[in-house]
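Everything below belongs to protein11.cif, which stores mmCIF, C-alpha atoms.
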data_query
loop_
_atom_site.label_atom_id
_atom_site.label_comp_id
_atom_site.auth_asym_id
_atom_site.auth_seq_id
_atom_site.Cartn_x
_atom_site.Cartn_y
_atom_site.Cartn_z
CA MET A 1 -135.16 -124.66 181.70
CA THR A 2 -131.77 -126.17 181.00
CA ASP A 3 -128.18 -125.11 180.77
CA SER A 4 -126.78 -128.40 179.46
CA SER A 5 -125.74 -130.47 176.48
CA LEU A 6 -124.38 -133.96 176.30
CA PHE A 7 -120.62 -134.31 176.22
CA ASN A 8 -120.16 -136.59 173.21
CA PHE A 9 -117.13 -137.75 171.27
CA GLY A 10 -117.93 -135.42 168.41
CA ALA A 11 -117.63 -132.47 170.80
CA MET A 12 -114.39 -133.66 172.37
CA THR A 13 -112.40 -130.55 171.59
CA ARG A 14 -110.42 -129.09 174.42
CA LEU A 15 -110.81 -125.61 175.77
CA PRO A 16 -108.36 -123.15 174.33
CA ALA A 17 -105.51 -123.33 176.79
CA GLU A 18 -102.24 -121.51 177.12
CA PRO A 19 -99.92 -122.28 174.19
CA GLY A 20 -97.42 -125.02 174.92
CA ARG A 21 -98.84 -127.72 177.15
CA VAL A 22 -95.66 -129.87 177.01
CA ARG A 23 -92.17 -128.86 178.05
CA LEU A 24 -89.23 -129.82 175.85
CA GLY A 25 -87.44 -131.12 178.94
CA THR A 26 -90.26 -133.56 179.63
CA LEU A 27 -90.12 -135.17 176.18
CA SER A 28 -86.31 -135.21 176.24
CA LEU A 29 -86.28 -136.94 179.62
CA LEU A 30 -88.76 -139.56 178.41
CA ARG A 31 -86.60 -140.10 175.33
CA TRP A 32 -83.52 -140.61 177.51
CA PHE A 33 -85.45 -143.27 179.43
CA ALA A 34 -86.38 -144.93 176.13
CA ILE A 35 -82.76 -144.79 174.96
CA ALA A 36 -81.56 -146.43 178.17
CA GLY A 37 -84.24 -149.12 178.00
CA GLN A 38 -83.64 -149.86 174.32
CA SER A 39 -79.88 -150.04 174.80
CA PHE A 40 -80.23 -152.34 177.80
CA ALA A 41 -82.63 -154.65 175.93
CA ILE A 42 -80.44 -154.83 172.80
CA LEU A 43 -77.26 -155.57 174.76
CA ILE A 44 -78.91 -158.19 176.99
CA VAL A 45 -80.44 -160.00 174.00
CA HIS A 46 -77.19 -159.95 172.00
CA PHE A 47 -74.56 -160.55 174.67
CA GLY A 48 -76.56 -161.98 177.56
CA LEU A 49 -78.82 -164.41 175.69
CA GLY A 50 -76.51 -164.87 172.72
CA TYR A 51 -79.23 -164.17 170.15
CA ASP A 52 -78.07 -162.94 166.77
CA LEU A 53 -79.34 -159.51 165.71
CA PRO A 54 -78.05 -156.59 163.59
CA LEU A 55 -76.30 -154.92 166.51
CA LEU A 56 -74.72 -152.02 164.64
CA ALA A 57 -77.93 -151.11 162.85
CA CYS A 58 -79.89 -151.22 166.12
CA LEU A 59 -77.31 -149.07 167.90
CA GLY A 60 -77.45 -146.66 164.95
CA ALA A 61 -81.21 -146.24 165.41
CA ILE A 62 -80.69 -145.60 169.12
CA GLU A 63 -77.89 -143.16 168.32
CA ALA A 64 -80.32 -141.10 166.21
CA SER A 65 -82.39 -140.46 169.34
CA VAL A 66 -79.25 -139.57 171.29
CA ILE A 67 -78.20 -137.05 168.63
CA LEU A 68 -81.68 -135.51 168.57
CA ASN A 69 -81.68 -135.04 172.34
CA ILE A 70 -78.22 -133.49 172.33
CA VAL A 71 -79.10 -131.08 169.50
CA LEU A 72 -82.30 -130.02 171.25
CA ALA A 73 -80.46 -129.54 174.56
CA LEU A 74 -77.82 -127.34 172.92
CA ARG A 75 -80.28 -125.26 170.95
CA TYR A 76 -83.22 -124.80 173.32
CA ARG A 77 -83.89 -124.44 177.01
CA ALA A 78 -85.41 -127.45 178.74
CA SER A 79 -88.23 -125.19 179.99
CA ARG A 80 -89.30 -124.30 176.44
CA ARG A 81 -93.02 -124.91 175.88
CA LEU A 82 -93.60 -126.78 172.63
CA SER A 83 -96.43 -125.97 170.26
CA ASP A 84 -98.79 -128.76 169.25
CA GLY A 85 -97.01 -129.01 165.89
CA GLU A 86 -93.57 -129.31 167.49
CA THR A 87 -94.78 -131.93 169.96
CA THR A 88 -96.41 -133.88 167.14
CA ALA A 89 -93.17 -133.82 165.12
CA LEU A 90 -91.06 -135.09 168.04
CA LEU A 91 -93.52 -137.86 168.87
CA ALA A 92 -93.64 -138.83 165.19
CA PHE A 93 -89.84 -139.13 165.24
CA ASP A 94 -90.06 -141.39 168.30
CA GLN A 95 -92.59 -143.58 166.50
CA LEU A 96 -90.35 -143.78 163.43
CA GLN A 97 -87.28 -144.66 165.53
CA LEU A 98 -89.23 -147.39 167.31
CA THR A 99 -90.46 -148.69 163.94
CA VAL A 100 -86.88 -148.98 162.68
CA LEU A 101 -85.78 -150.87 165.81
CA LEU A 102 -88.72 -153.25 165.61
CA TYR A 103 -88.19 -153.78 161.87
CA LEU A 104 -84.66 -154.97 162.65
CA THR A 105 -85.78 -157.21 165.52
CA GLY A 106 -88.88 -159.10 164.41
CA GLY A 107 -91.59 -156.51 163.77
CA ILE A 108 -94.76 -156.86 165.84
CA GLU A 109 -93.66 -160.36 166.83
CA ASN A 110 -91.22 -158.58 169.14
CA PRO A 111 -92.90 -158.15 172.57
CA PHE A 112 -91.58 -154.58 172.74
CA ALA A 113 -94.04 -153.61 169.96
CA LEU A 114 -96.29 -152.73 172.88
CA MET A 115 -94.24 -149.53 173.24
CA PHE A 116 -96.25 -148.00 170.38
CA ILE A 117 -98.87 -147.20 173.00
CA ALA A 118 -96.58 -144.68 174.77
CA PRO A 119 -96.49 -141.94 172.08
CA ALA A 120 -100.24 -142.35 171.53
CA ALA A 121 -100.94 -141.86 175.24
CA ILE A 122 -98.68 -138.79 175.42
CA SER A 123 -100.29 -137.16 172.39
CA ALA A 124 -103.83 -137.90 173.57
CA SER A 125 -103.20 -136.35 176.97
CA SER A 126 -101.44 -133.22 175.75
CA LEU A 127 -102.42 -132.42 172.13
CA ASN A 128 -105.59 -131.36 170.38
CA LEU A 129 -107.85 -133.83 168.60
CA ARG A 130 -106.44 -133.21 165.13
CA ASN A 131 -102.84 -133.92 166.10
CA THR A 132 -103.88 -136.90 168.21
CA ILE A 133 -105.71 -138.42 165.23
CA ALA A 134 -102.68 -137.74 163.00
CA LEU A 135 -100.31 -139.56 165.36
CA GLY A 136 -102.83 -142.36 165.83
CA THR A 137 -103.03 -142.81 162.05
CA LEU A 138 -99.23 -142.83 161.85
CA SER A 139 -99.07 -145.49 164.57
CA PHE A 140 -101.62 -147.59 162.67
CA ALA A 141 -99.54 -147.33 159.48
CA PHE A 142 -96.30 -148.28 161.24
CA VAL A 143 -97.84 -151.24 163.06
CA THR A 144 -99.44 -152.49 159.83
CA PHE A 145 -96.12 -152.17 158.00
CA LEU A 146 -94.31 -154.13 160.73
CA ALA A 147 -96.93 -156.86 160.57
CA VAL A 148 -95.99 -157.68 156.96
CA ALA A 149 -92.37 -156.50 156.61
CA HIS A 150 -89.58 -157.09 159.12
CA GLU A 151 -86.38 -158.96 159.80
CA PRO A 152 -86.59 -162.31 161.62
CA LEU A 153 -87.17 -162.25 165.37
CA PRO A 154 -83.81 -162.75 167.17
CA TRP A 155 -83.65 -166.34 168.39
CA GLU A 156 -81.21 -169.07 169.34
CA PRO A 157 -78.34 -169.57 166.84
CA GLY A 158 -79.29 -172.02 164.09
CA LYS A 159 -83.02 -171.79 164.89
CA GLU A 160 -85.78 -169.57 163.58
CA LEU A 161 -89.05 -168.80 165.37
CA THR A 162 -91.94 -168.51 162.91
CA LEU A 163 -95.31 -167.52 164.32
CA PRO A 164 -98.53 -168.60 162.58
CA PRO A 165 -100.14 -165.84 160.47
CA LEU A 166 -103.31 -166.04 162.54
CA PHE A 167 -101.32 -165.40 165.72
CA VAL A 168 -99.51 -162.47 164.09
CA GLY A 169 -102.90 -161.07 163.03
CA GLY A 170 -104.09 -161.34 166.61
CA ILE A 171 -101.03 -159.40 167.81
CA TRP A 172 -101.72 -156.70 165.22
CA ILE A 173 -105.34 -156.37 166.32
CA ALA A 174 -104.33 -156.25 170.01
CA ILE A 175 -101.75 -153.49 169.41
CA VAL A 176 -104.10 -151.42 167.24
CA LEU A 177 -106.94 -151.73 169.74
CA GLY A 178 -104.56 -150.95 172.61
CA ILE A 179 -103.37 -147.77 170.90
CA GLY A 180 -106.93 -146.67 170.12
CA PHE A 181 -108.35 -147.46 173.56
CA THR A 182 -105.45 -145.83 175.41
CA ALA A 183 -105.66 -142.71 173.24
CA VAL A 184 -109.43 -142.32 173.73
CA VAL A 185 -109.23 -142.81 177.51
CA ALA A 186 -106.24 -140.47 177.90
CA PHE A 187 -107.87 -137.80 175.73
CA ARG A 188 -111.17 -138.02 177.60
CA VAL A 189 -109.53 -137.79 181.03
CA ALA A 190 -107.25 -134.91 179.97
CA THR A 191 -110.21 -133.06 178.43
CA GLU A 192 -112.31 -133.40 181.58
CA ALA A 193 -109.37 -132.26 183.72
CA THR A 194 -108.82 -129.19 181.53
CA ARG A 195 -112.49 -128.27 181.57
CA MET A 196 -112.77 -128.72 185.32
CA SER A 197 -109.66 -126.62 185.93
CA ALA A 198 -110.96 -123.77 183.76
CA ALA A 199 -114.41 -123.98 185.33
CA LEU A 200 -112.99 -123.81 188.85
CA ALA A 201 -110.93 -120.79 187.83
CA ALA A 202 -114.11 -119.14 186.56
CA THR A 203 -115.85 -119.94 189.84
CA GLN A 204 -113.04 -118.35 191.83
CA LEU A 205 -113.23 -115.22 189.65
CA ALA A 206 -116.96 -114.99 190.25
CA LEU A 207 -116.53 -115.41 193.99
CA ALA A 208 -113.71 -112.85 194.13
CA LYS A 209 -115.92 -110.39 192.26
CA GLU A 210 -118.72 -110.92 194.78
CA HIS A 211 -116.32 -110.46 197.70
CA ARG A 212 -115.14 -107.15 196.27
CA LEU A 213 -118.74 -105.98 196.13
CA SER A 214 -119.28 -107.12 199.70
CA SER A 215 -116.37 -105.02 200.90
CA LEU A 216 -117.77 -101.73 199.54
CA GLY A 217 -119.95 -101.10 202.60
CA ALA A 218 -117.02 -101.48 204.98
CA LEU A 219 -114.84 -99.25 202.80
CA ALA A 220 -117.53 -96.56 202.74
CA ALA A 221 -117.88 -96.61 206.53
CA SER A 222 -114.10 -96.43 206.91
CA ALA A 223 -113.87 -93.47 204.53
CA ALA A 224 -116.65 -91.67 206.41
CA HIS A 225 -114.80 -92.14 209.68
CA GLU A 226 -111.48 -90.94 208.28
CA LEU A 227 -112.94 -87.86 206.56
CA GLY A 228 -115.08 -86.77 209.52
CA THR A 229 -112.23 -85.05 211.41
CA PRO A 230 -110.82 -82.90 208.56
CA LEU A 231 -114.33 -81.83 207.54
CA GLY A 232 -115.05 -80.86 211.13
CA THR A 233 -111.88 -78.74 211.18
CA ILE A 234 -112.88 -77.03 207.91
CA SER A 235 -116.34 -76.32 209.32
CA VAL A 236 -114.93 -74.71 212.50
CA ILE A 237 -112.53 -72.50 210.55
CA ALA A 238 -115.24 -71.47 208.08
CA LYS A 239 -117.59 -70.49 210.92
CA GLU A 240 -114.90 -68.38 212.59
CA LEU A 241 -114.13 -66.62 209.34
CA SER A 242 -117.85 -66.04 208.75
CA ARG A 243 -118.23 -64.34 212.14
CA GLU A 244 -115.28 -62.07 211.46
CA THR A 245 -116.43 -61.14 207.97
CA PRO A 246 -118.90 -58.24 207.60
CA PRO A 247 -122.23 -59.22 206.05
CA ASP A 248 -121.66 -56.89 203.13
CA SER A 249 -118.17 -58.24 202.42
CA PRO A 250 -117.55 -59.85 198.97
CA ASN A 251 -116.34 -63.01 200.78
CA ALA A 252 -119.44 -63.45 202.92
CA GLU A 253 -121.43 -65.28 200.22
CA GLU A 254 -118.50 -67.61 199.44
CA LEU A 255 -118.15 -68.48 203.15
CA ARG A 256 -121.87 -69.26 203.43
CA LEU A 257 -121.58 -71.50 200.37
CA LEU A 258 -118.53 -73.20 201.88
CA LEU A 259 -120.37 -73.88 205.13
CA SER A 260 -123.38 -75.31 203.29
CA GLN A 261 -121.20 -77.62 201.22
CA VAL A 262 -119.31 -78.79 204.33
CA SER A 263 -122.64 -79.51 205.99
CA ARG A 264 -123.75 -81.47 202.93
CA CYS A 265 -120.53 -83.52 202.94
CA ARG A 266 -120.99 -84.35 206.62
CA ASP A 267 -124.57 -85.50 205.95
CA ILE A 268 -123.40 -87.77 203.13
CA LEU A 269 -120.61 -89.23 205.30
CA ALA A 270 -123.06 -89.78 208.14
CA ARG A 271 -125.26 -91.83 205.84
CA LEU A 272 -122.24 -93.81 204.65
CA ALA A 273 -121.12 -94.44 208.22
CA HIS A 274 -124.51 -95.97 209.02
CA HIS A 275 -124.87 -97.66 205.62
CA ASP A 276 -124.60 -101.11 207.15
CA ALA A 277 -128.14 -100.81 208.49
CA ASP A 278 -129.67 -100.62 205.00
CA ASP A 279 -126.89 -101.92 202.75
CA PRO A 280 -127.96 -104.96 200.70
CA PHE A 281 -124.49 -106.29 201.24
CA ALA A 282 -124.78 -106.26 205.02
CA MET A 283 -123.63 -109.47 206.67
CA ARG A 284 -126.96 -110.26 208.37
CA ALA A 285 -130.37 -110.09 206.71
CA PRO A 286 -133.71 -111.89 206.76
CA PHE A 287 -133.75 -114.86 204.40
CA ALA A 288 -136.59 -113.31 202.40
CA VAL A 289 -134.52 -110.13 201.88
CA VAL A 290 -131.62 -112.19 200.55
CA LEU A 291 -133.98 -113.89 198.10
CA GLU A 292 -135.30 -110.50 196.96
CA GLU A 293 -131.77 -109.23 196.49
CA ALA A 294 -130.79 -112.23 194.37
CA ALA A 295 -133.93 -111.88 192.24
CA ALA A 296 -133.81 -108.07 191.95
CA PRO A 297 -131.82 -107.89 188.65
CA TYR A 298 -134.51 -109.97 186.89
CA GLN A 299 -137.69 -108.45 188.37
CA ASP A 300 -138.14 -105.96 185.54
CA GLY A 301 -138.19 -108.57 182.78
CA GLU A 302 -141.17 -110.14 181.07
CA VAL A 303 -141.14 -113.07 183.49
CA GLU A 304 -142.86 -112.53 186.85
CA ILE A 305 -140.87 -113.62 189.91
CA ARG A 306 -142.86 -114.54 193.00
CA ILE A 307 -141.23 -115.08 196.38
CA GLU A 308 -142.87 -117.09 199.15
CA ALA A 309 -140.93 -117.35 202.40
CA GLU A 310 -142.38 -118.72 205.63
CA GLY A 311 -141.50 -121.08 208.42
CA ASP A 312 -140.97 -121.55 212.13
CA GLY A 313 -140.09 -118.14 213.58
CA ASP A 314 -138.04 -115.38 212.03
CA LEU A 315 -135.08 -116.47 209.93
CA THR A 316 -132.14 -114.08 209.82
CA ILE A 317 -129.05 -115.45 208.09
CA MET A 318 -125.48 -114.40 207.40
CA ARG A 319 -125.43 -112.79 203.97
CA GLN A 320 -122.69 -114.74 202.23
CA PRO A 321 -121.47 -113.69 198.76
CA GLU A 322 -121.50 -117.35 197.71
CA LEU A 323 -125.17 -117.60 198.60
CA VAL A 324 -126.32 -114.47 196.76
CA HIS A 325 -124.27 -115.16 193.64
CA GLY A 326 -125.29 -118.83 193.50
CA LEU A 327 -128.99 -118.01 193.89
CA ALA A 328 -128.73 -115.28 191.26
CA ASN A 329 -127.35 -117.74 188.71
CA ILE A 330 -130.15 -120.22 189.41
CA ILE A 331 -132.82 -117.50 189.15
CA GLU A 332 -131.27 -116.11 185.97
CA ASN A 333 -131.44 -119.50 184.29
CA ALA A 334 -135.06 -119.96 185.42
CA THR A 335 -136.12 -116.60 183.94
CA ASP A 336 -134.35 -117.39 180.67
CA PHE A 337 -136.46 -120.52 180.11
CA ALA A 338 -139.71 -119.66 181.90
CA GLU A 339 -142.75 -118.64 179.87
CA ARG A 340 -144.50 -116.33 182.34
CA ARG A 341 -143.58 -117.04 185.94
CA VAL A 342 -140.73 -118.10 188.24
CA GLN A 343 -141.52 -118.97 191.82
CA LEU A 344 -139.13 -118.98 194.78
CA ARG A 345 -140.67 -121.08 197.53
CA ALA A 346 -138.76 -121.03 200.84
CA ARG A 347 -139.76 -123.06 203.91
CA TRP A 348 -137.85 -123.58 207.13
CA THR A 349 -138.09 -125.54 210.33
CA PRO A 350 -136.04 -125.18 213.53
CA THR A 351 -133.35 -127.40 211.95
CA GLU A 352 -133.64 -127.12 208.17
CA ILE A 353 -134.07 -124.55 205.39
CA ARG A 354 -135.48 -125.61 202.03
CA LEU A 355 -135.73 -123.47 198.90
CA GLU A 356 -137.29 -124.42 195.57
CA VAL A 357 -136.89 -122.42 192.36
CA LEU A 358 -139.77 -123.36 190.06
CA ASP A 359 -140.56 -122.22 186.53
CA ASP A 360 -143.25 -122.89 183.94
CA GLY A 361 -140.85 -123.50 181.05
CA PRO A 362 -140.14 -126.72 179.14
CA GLY A 363 -138.19 -128.26 182.01
CA PHE A 364 -134.89 -130.11 181.92
CA SER A 365 -134.22 -132.45 179.03
CA PRO A 366 -134.18 -136.10 180.18
CA ASP A 367 -130.90 -136.74 178.36
CA VAL A 368 -129.01 -133.99 180.21
CA ILE A 369 -130.64 -133.77 183.61
CA ALA A 370 -128.19 -136.29 185.12
CA ARG A 371 -125.23 -134.09 184.13
CA LEU A 372 -126.52 -130.74 185.38
CA GLY A 373 -124.02 -129.06 187.67
CA GLU A 374 -121.01 -130.22 185.66
CA PRO A 375 -118.91 -127.59 183.87
CA TYR A 376 -119.49 -126.67 180.21
CA VAL A 377 -122.88 -128.34 179.93
CA THR A 378 -125.09 -125.98 177.93
CA THR A 379 -127.67 -125.79 175.15
CA ARG A 380 -126.92 -122.16 174.40
CA PRO A 381 -124.46 -121.11 171.69
CA GLY A 382 -121.16 -121.13 173.52
CA LYS A 383 -118.04 -119.06 173.77
CA TRP A 384 -114.91 -119.97 175.64
CA ALA A 385 -113.70 -116.54 176.84
CA LEU A 386 -113.21 -116.64 180.58
CA THR A 387 -113.60 -112.97 181.41
CA GLU A 388 -115.14 -111.40 184.46
CA GLU A 389 -117.94 -110.02 182.29
CA ASP A 390 -118.89 -113.58 181.35
CA LEU A 391 -119.12 -114.74 184.95
CA GLY A 392 -121.63 -112.45 186.61
CA PRO A 393 -125.38 -112.94 186.22
CA SER A 394 -126.71 -111.05 183.25
CA ALA A 395 -130.01 -109.39 182.75
CA PRO A 396 -132.81 -111.46 181.31
CA GLY A 397 -133.35 -111.23 177.62
CA ASP A 398 -129.92 -109.77 176.91
CA GLY A 399 -129.16 -112.43 174.32
CA HIS A 400 -126.03 -113.52 176.11
CA GLU A 401 -124.21 -116.65 175.01
CA GLY A 402 -123.76 -119.49 177.45
CA MET A 403 -120.50 -121.09 178.48
CA GLY A 404 -122.22 -123.89 180.37
CA LEU A 405 -120.82 -122.55 183.64
CA GLY A 406 -124.00 -121.11 185.16
CA PHE A 407 -125.21 -124.19 186.98
CA PHE A 408 -121.66 -125.31 187.77
CA ILE A 409 -120.79 -122.01 189.43
CA ALA A 410 -124.14 -121.84 191.22
CA LYS A 411 -123.89 -125.41 192.51
CA THR A 412 -120.27 -124.99 193.58
CA LEU A 413 -120.94 -121.74 195.44
CA LEU A 414 -124.13 -122.98 197.10
CA GLU A 415 -122.42 -126.16 198.24
CA ARG A 416 -119.79 -123.98 199.90
CA THR A 417 -122.58 -122.59 202.07
CA GLY A 418 -123.60 -126.12 203.08
CA ALA A 419 -126.41 -126.58 200.55
CA SER A 420 -127.50 -129.81 198.95
CA VAL A 421 -128.57 -128.98 195.36
CA THR A 422 -130.77 -131.24 193.22
CA PHE A 423 -132.35 -130.77 189.82
CA GLY A 424 -135.65 -132.16 188.56
CA ASN A 425 -138.88 -131.54 186.66
CA ARG A 426 -142.32 -130.72 188.04
CA PRO A 427 -145.16 -133.17 187.34
CA GLU A 428 -147.28 -130.33 185.93
CA GLY A 429 -144.42 -129.14 183.70
CA GLY A 430 -141.44 -126.90 184.23
CA ALA A 431 -138.17 -127.26 186.05
CA ARG A 432 -137.42 -127.48 189.75
CA VAL A 433 -134.12 -126.70 191.48
CA THR A 434 -134.15 -127.64 195.15
CA MET A 435 -131.65 -126.41 197.75
CA ALA A 436 -131.57 -127.60 201.36
CA TRP A 437 -129.41 -126.38 204.24
CA ARG A 438 -129.07 -127.12 207.89
CA ARG A 439 -130.40 -123.98 209.52
CA SER A 440 -127.26 -123.59 211.61
CA ASP A 441 -125.12 -123.40 208.43
CA LEU A 442 -126.77 -120.15 207.32
CA GLU A 443 -127.38 -118.57 210.70
CA THR A 444 -123.73 -118.74 211.80
CA MET A 445 -120.79 -116.82 210.40
CA PRO A 446 -118.82 -118.91 207.86
CA GLU A 447 -115.09 -118.71 207.20
CA LEU A 448 -115.08 -117.08 203.79
CA SER A 449 -112.18 -117.43 201.44
CA ALA A 450 -111.78 -116.66 197.78
CA SER A 451 -108.99 -119.14 197.32
#
Could you take the file, read its structure, and then write that structure out as structure tokens?
Amino acid sequence: MTDSSLFNFGAMTRLPAEPGRVRLGTLSLLRWFAIAGQSFAILIVHFGLGYDLPLLACLGAIEASVILNIVLALRYRASRRLSDGETTALLAFDQLQLTVLLYLTGGIENPFALMFIAPAAISASSLNLRNTIALGTLSFAFVTFLAVAHEPLPWEPGKELTLPPLFVGGIWIAIVLGIGFTAVVAFRVATEATRMSAALAATQLALAKEHRLSSLGALAASAAHELGTPLGTISVIAKELSRETPPDSPNAEELRLLLSQVSRCRDILARLAHHDADDPFAMRAPFAVVLEEAAAPYQDGEVEIRIEAEGDGDLTIMRQPELVHGLANIIENATDFAERRVQLRARWTPTEIRLEVLDDGPGFSPDVIARLGEPYVTTRPGKWALTEEDLGPSAPGDGHEGMGLGFFIAKTLLERTGASVTFGNRPEGGARVTMAWRRSDLETMPELSAS
């Protein structure tokens, strides 16, 4: 029983997100900052320190960035979302402009060669893996070129600073490793953030769906109350007309039919008005009933589900949508991997409630058990569509594909009810999911919110 797979570098592809992760205005603003910094550094070195450098050529390289920003500002809105290709092209231009400036001012011997890390970090945090690798390769090529070909480093008039080749090689290695390390870290963090955001959105959809189901009983009772008065009026009028109509009249049979149908409607509305006594979505129910409700969709499968519930006194809890939906996801996963039997073992004391979901399947893999409960951890063939149909528990044996959200949604929802959820394997084989609550957390009315 497992719903996980390791998150390795080979699988570091981001979820399909909305097109255009980066705004044009953001890149343009960063470029203006770079223009200001480059201009300040060039002018200070030339006029402030008196070091000789090709001033006009350097200002020309800076001017190219100025022209690009002006053209983009005139042609496009700052709020325009750039595609991955457009973002890659603009960052490649920034790398090329920086390469030209560094070529004119000492290559990688110039301390400002460290700025090559900036485009790599931006691409890793906002672009897909292919474009990030492309920009990383371009950075590597530019840095390598600057290590062997460049103008002399600006220095005091009449003097020339020549660094030993070994030292220059060390600078090259440091810059290359810095670009690579920064890109990997930024990509990993951005990927995790994207996955977590999408998983939380899926959890909220699942919870909202459960809340809509929970509201059906109240809506039915309200409709019964509202319709009771007009049906009563129709019944009174029909009875009066029936008394005034001769038994042999052509309308007598229609009036009798009308009265019978009105009576039937009133019976149906009466049952709806008192539906809360038997409704599985009622707010209060014995704990064992809630377990049976969560397991009901999977009782007709090939796997037997046994429920054992006992403890100190009767246990009646508030039926929370989070609780039912979370338990259903756990039970669904257990039935998917069990061979013959799934057991729900509930025990409670005056202060604590403990529930174990046990199966006789292969158990959790040792290499993934530590990551259970995280989003997008699955061994099933995956799909990335976040639709409502993907979120609800599905019937056992339906061949559904896994998104790796089952345990994440279940754990998140159960923790909202106050549960502590742990995953493990049974000594005799099979998986064990253990949930523990303070008894007061389930017996009192929570403040539910779908947001």
**Request:** List the residues selected by the PyMOL selection byres ((chain A and resi 174-187) around 10) in the file shown, writing them as JSON, numbers by chain.
**Result:** {"A": [9, 12, 13, 14, 108, 113, 114, 115, 116, 117, 118, 119, 120, 121, 122, 123, 124, 125, 126, 127, 128, 129, 132, 133, 136, 137, 139, 140, 141, 143, 144, 168, 169, 170, 171, 172, 173, 188, 189, 190, 191, 192, 193]}
Give me the residues within 12 Å of Ser242 (chain A) as a PDB file with C-alpha atoms, in the coordinates of the input, counting all atoms listed in the file and dropping any in the same chain fewer than 3 places off.
ATOM      1  CA  SER A 235    -116.340 -76.320 209.320  1.00  0.00           C
ATOM      2  CA  VAL A 236    -114.930 -74.710 212.500  1.00  0.00           C
ATOM      3  CA  ILE A 237    -112.530 -72.500 210.550  1.00  0.00           C
ATOM      4  CA  ALA A 238    -115.240 -71.470 208.080  1.00  0.00           C
ATOM      5  CA  LYS A 239    -117.590 -70.490 210.920  1.00  0.00           C
ATOM      6  CA  THR A 245    -116.430 -61.140 207.970  1.00  0.00           C
ATOM      7  CA  PRO A 246    -118.900 -58.240 207.600  1.00  0.00           C
ATOM      8  CA  PRO A 247    -122.230 -59.220 206.050  1.00  0.00           C
ATOM      9  CA  ASP A 248    -121.660 -56.890 203.130  1.00  0.00           C
ATOM     10  CA  SER A 249    -118.170 -58.240 202.420  1.00  0.00           C
ATOM     11  CA  PRO A 250    -117.550 -59.850 198.970  1.00  0.00           C
ATOM     12  CA  ASN A 251    -116.340 -63.010 200.780  1.00  0.00           C
ATOM     13  CA  ALA A 252    -119.440 -63.450 202.920  1.00  0.00           C
ATOM     14  CA  GLU A 253    -121.430 -65.280 200.220  1.00  0.00           C
ATOM     15  CA  GLU A 254    -118.500 -67.610 199.440  1.00  0.00           C
ATOM     16  CA  LEU A 255    -118.150 -68.480 203.150  1.00  0.00           C
ATOM     17  CA  ARG A 256    -121.870 -69.260 203.430  1.00  0.00           C
ATOM     18  CA  LEU A 257    -121.580 -71.500 200.370  1.00  0.00           C
ATOM     19  CA  LEU A 258    -118.530 -73.200 201.880  1.00  0.00           C
ATOM     20  CA  LEU A 259    -120.370 -73.880 205.130  1.00  0.00           C
TER      21      LEU A 259
END
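Rounded to one decimal, CA of Arg341 (chain A) and CA of Phe423 (chain A) lie 18.2 Å from each other.
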**Point-to-point distance in Å for CA of Leu241 (chain A) and CA of Ser260 (chain A)** =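 These two atoms are separated by 14.1 Å.
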**Message:** I'd like the residues picked by the PyMOL selection byres ((chain A and resi 53) around 12) written out as a VMD selection string, using the chain letters and numbers from the file.
**Reply:** chain A and resid 41 to 47 49 to 52 54 to 59 101 to 106 151 to 157
Export, as a compact mmCIF listing (two decimals), in the frame of the given file, the selected residues with C-alpha atoms.
# COMPACT_ATOMS: atom_id res chain seq x y z
CA ALA A 41 -82.63 -154.65 175.93
CA ILE A 42 -80.44 -154.83 172.80
CA LEU A 43 -77.26 -155.57 174.76
CA ILE A 44 -78.91 -158.19 176.99
CA VAL A 45 -80.44 -160.00 174.00
CA HIS A 46 -77.19 -159.95 172.00
CA PHE A 47 -74.56 -160.55 174.67
CA LEU A 49 -78.82 -164.41 175.69
CA GLY A 50 -76.51 -164.87 172.72
CA TYR A 51 -79.23 -164.17 170.15
CA ASP A 52 -78.07 -162.94 166.77
CA PRO A 54 -78.05 -156.59 163.59
CA LEU A 55 -76.30 -154.92 166.51
CA LEU A 56 -74.72 -152.02 164.64
CA ALA A 57 -77.93 -151.11 162.85
CA CYS A 58 -79.89 -151.22 166.12
CA LEU A 59 -77.31 -149.07 167.90
CA LEU A 101 -85.78 -150.87 165.81
CA LEU A 102 -88.72 -153.25 165.61
CA TYR A 103 -88.19 -153.78 161.87
CA LEU A 104 -84.66 -154.97 162.65
CA THR A 105 -85.78 -157.21 165.52
CA GLY A 106 -88.88 -159.10 164.41
CA GLU A 151 -86.38 -158.96 159.80
CA PRO A 152 -86.59 -162.31 161.62
CA LEU A 153 -87.17 -162.25 165.37
CA PRO A 154 -83.81 -162.75 167.17
CA TRP A 155 -83.65 -166.34 168.39
CA GLU A 156 -81.21 -169.07 169.34
CA PRO A 157 -78.34 -169.57 166.84
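The result of the PyMOL selection byres ((chain A and resi 82) around 9) on the shown file is A:Pro19, A:Gly20, A:Arg21, A:Val22, A:Arg23, A:Leu24, A:Arg80, A:Arg81, A:Ser83, A:Asp84, A:Gly85, A:Glu86, A:Thr87.
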**Prompt:** So how many Å separate CA of Phe407 (chain A) and CA of Gly373 (chain A), to one decimal?
**Reply:**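 Separating CA of Phe407 (chain A) from CA of Gly373 (chain A) is a distance of 5.1 Å.
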**Message:** From the options A:Phe287, A:Val342, A:Gly232, A:Ala61, which residue's atoms come nearest to Cys265 (chain A), counting all atoms listed in the file?
**Reply:**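 Of A:Phe287, A:Val342, A:Gly232, A:Ala61, the one nearest Cys265 (chain A) is A:Gly232, counting all atoms listed in the file.
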